[in-house]
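Asks: Quick one: structure below, then a few questions.
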Amino acid sequence: MTTQAQPETPPRQDRLGPRVGVVVFPGSNDDRDMAGALERLGAQVEMVWHKDAGLPEGLDGVAIPGGFSYGDYLRAGAMARFSHVMRAVSAFAESGRPVLGVCNGFQVLCEAHLLPGALVRNRDLRFVCRDVELRVEDPGNFASELVEGALLRIPIKHGEGAYVPDRERPPRVAFRYAGANPNGSVDAIAGVASAAGNVLGLMPHPEHAVDPELGSVDGAPLLRSFLSGCVP
């Protein structure tokens, strides 16, 4: 009796999502929120401690979350800029790979000169926490799901979110506040991209707008666009 050969089981075609490192500083308080949102959208996330001398091998992108790194001593982001890991983040960005900074992460990227300009105290010297509308302008390499002129409803929560441009390095404006300017940012700028387009920083928190139970999912296309930029 001849036994018929069984066909080989085809290999799985499932593709794991991009590997993203989320940097954690003393005082970070949105690191788990950022990790959870990215995982919800298909990313593999690795938490990266501020004292690490390097980034994990094989990362496709890096996200710096919100919070109050080092208690915002001196000024927001000023001390985090000198953390061991930021040398590796700077090299990662300078190699052309994608880096996202949200709120305190945006402040850190400006302090590290990976983005132009600075974030200063809100115009009214008060902490603001509410939903705002953002208008998409030029988000650099992270435009796969972001259409110029589209409006996104995303929450803010910050005390030092007023963006001041650098006169010698004009910003590549990624987002502006639509309607009322909540913090006094020059020209209502809410986020900027690097000249090369691979570094993006913004004050609003897209990681808090990926679940309909939280009131908005407008952060999801922004984070998916970041993840698309992480795929070679």
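For the structure tokens, the naming scheme is as follows: chains receive sequential letters (A, B, ...) according to their order of presentation, residues are indexed from 1 within each chain, and ligands are indexed from 1 in presentation order.
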Would you list, as a count of residues only, the residues of chain A that end up in strand (DSSP E or B) under DSSP run on this structure's backbone?

Replies: 65

Asks: For Gly184 in chain A, work out the shell of residues within 10 Å, counting only C-alpha atoms and skipping chain neighbours fewer than 6 positions away, then give it as a list of chain:residue names.

Replies: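 Counting only C-alpha atoms, the residues come to A:Val120, A:Arg121, A:Asn122, A:Arg123, A:Asp124, A:Gly161, A:Ala162, A:Tyr163, A:Val164.
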
Asks: Excluding same-chain residues fewer than 4 positions from Arg75 in chain A, what lies within 9 Å of it counting only C-alpha atoms, as number ranges by chain?

Replies: A: 71, 79, 120, 160

Asks: Give me the range 100-197 of chain A side of the contact with range 206-218 of chain A, cut-off 8 Å, one line per residue showing its nearest atom pair and distance in Å at one decimal, counting only C-alpha atoms, sorted by chain and residue number, as a tab-separated table.

Replies:
```
residue	atom	partner	partner_atom	distance
A:Leu152	CA	A:Asp218	CA	5.4
A:Arg153	CA	A:Asp218	CA	5.9
A:Ile154	CA	A:Ala209	CA	6.0
A:Pro155	CA	A:His208	CA	7.0
```

Asks: If you run DSSP on the backbone here, which positions in range 42-151 of chain A get alpha helix (DSSP H)? Please write them as number ranges by chain.

Replies: A: 84-94, 104-111

Asks: Determine, counting only C-alpha atoms, which protein, DNA and RNA residues have an atom within 9 Å of an atom of Arg19 in chain A; residues of the same chain fewer than 6 positions away are not included. Present the result as a count of residues only.

Replies: 10

Asks: Find the residue from A:Ser194, A:Val199, A:Asp166, A:Met34 that sits nearest to Val89 in chain A; use only C-alpha atoms when measuring.

Replies: A:Val199

Asks: Between CA of Gly101 in chain A and CA of Pro165 in chain A, what distance in Å does the model show, to one decimal?

Replies: 16.8 Å

Asks: Between CA of Pro26 in chain A and CA of Lys157 in chain A, what distance in Å does the model show, to one decimal?

Replies: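 CA of Lys157 in chain A lies 18.4 Å from CA of Pro26 in chain A.
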
Asks: Please provide the set of residues having any atom within 9 Å of Gly149 in chain A, restricted to only C-alpha atoms, with same-chain residues fewer than 5 positions apart removed, written as a list in words.

Replies: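 With the cut-off at 9 Å, the set is Arg135, Val136 and Glu137 of chain A.
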
Asks: Write out the residues from the selection above, keeping N, CA and C atoms, as a compact mmCIF listing (two decimals), in the first residue's frame.

Replies:
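part.txt, written as the output of this step:
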```txt
# COMPACT_ATOMS: atom_id res chain seq x y z
N ARG A 135 -5.07 70.97 13.66
CA ARG A 135 -5.12 70.94 12.20
C ARG A 135 -3.79 70.38 11.70
N VAL A 136 -3.89 69.36 10.87
CA VAL A 136 -2.70 68.73 10.30
C VAL A 136 -2.08 69.65 9.25
N GLU A 137 -0.76 69.84 9.34
CA GLU A 137 -0.06 70.63 8.33
C GLU A 137 0.99 69.77 7.63
```

Asks: Could you give me, as number ranges by chain, the residues within 12 Å of Ala63 in chain A, counting only C-alpha atoms and dropping anything in the same chain fewer than 2 positions from it?

Replies: A: 19-24, 30-35, 37-38, 43, 45-48, 55, 59-61, 65-66, 86, 89, 92-93, 97-106, 108-109, 198-202, 206-207, 223, 226-227, 230

Asks: Could you tell me how far CA of Gly140 in chain A sits from CA of Ala195 in chain A, in Å to one decimal place?

Replies: 8.1 Å

Asks: For Leu119 in chain A, which residue among A:His50, A:Ile189, A:Ala91, A:Arg172 is the nearest when counting only C-alpha atoms?

Replies: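 Looking only at the distances to Leu119 in chain A, the closest residue turns out to be A:Ile189.
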
Asks: So which one's closest to Gly117 in chain A, A:Arg167, A:Arg40, A:Arg224, A:Lys51? Using only C-alpha atoms, please.

Replies: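 Nearest candidate to Gly117 in chain A out of A:Arg167, A:Arg40, A:Arg224, A:Lys51: A:Arg167.
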
Asks: With distances taken over only C-alpha atoms, which residue among A:Phe142, A:Trp49, A:Phe127, A:Phe25 lies nearest Gly77 in chain A?

Replies: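 Residue with the minimum atom-to-atom distance to Gly77 in chain A: A:Phe25.
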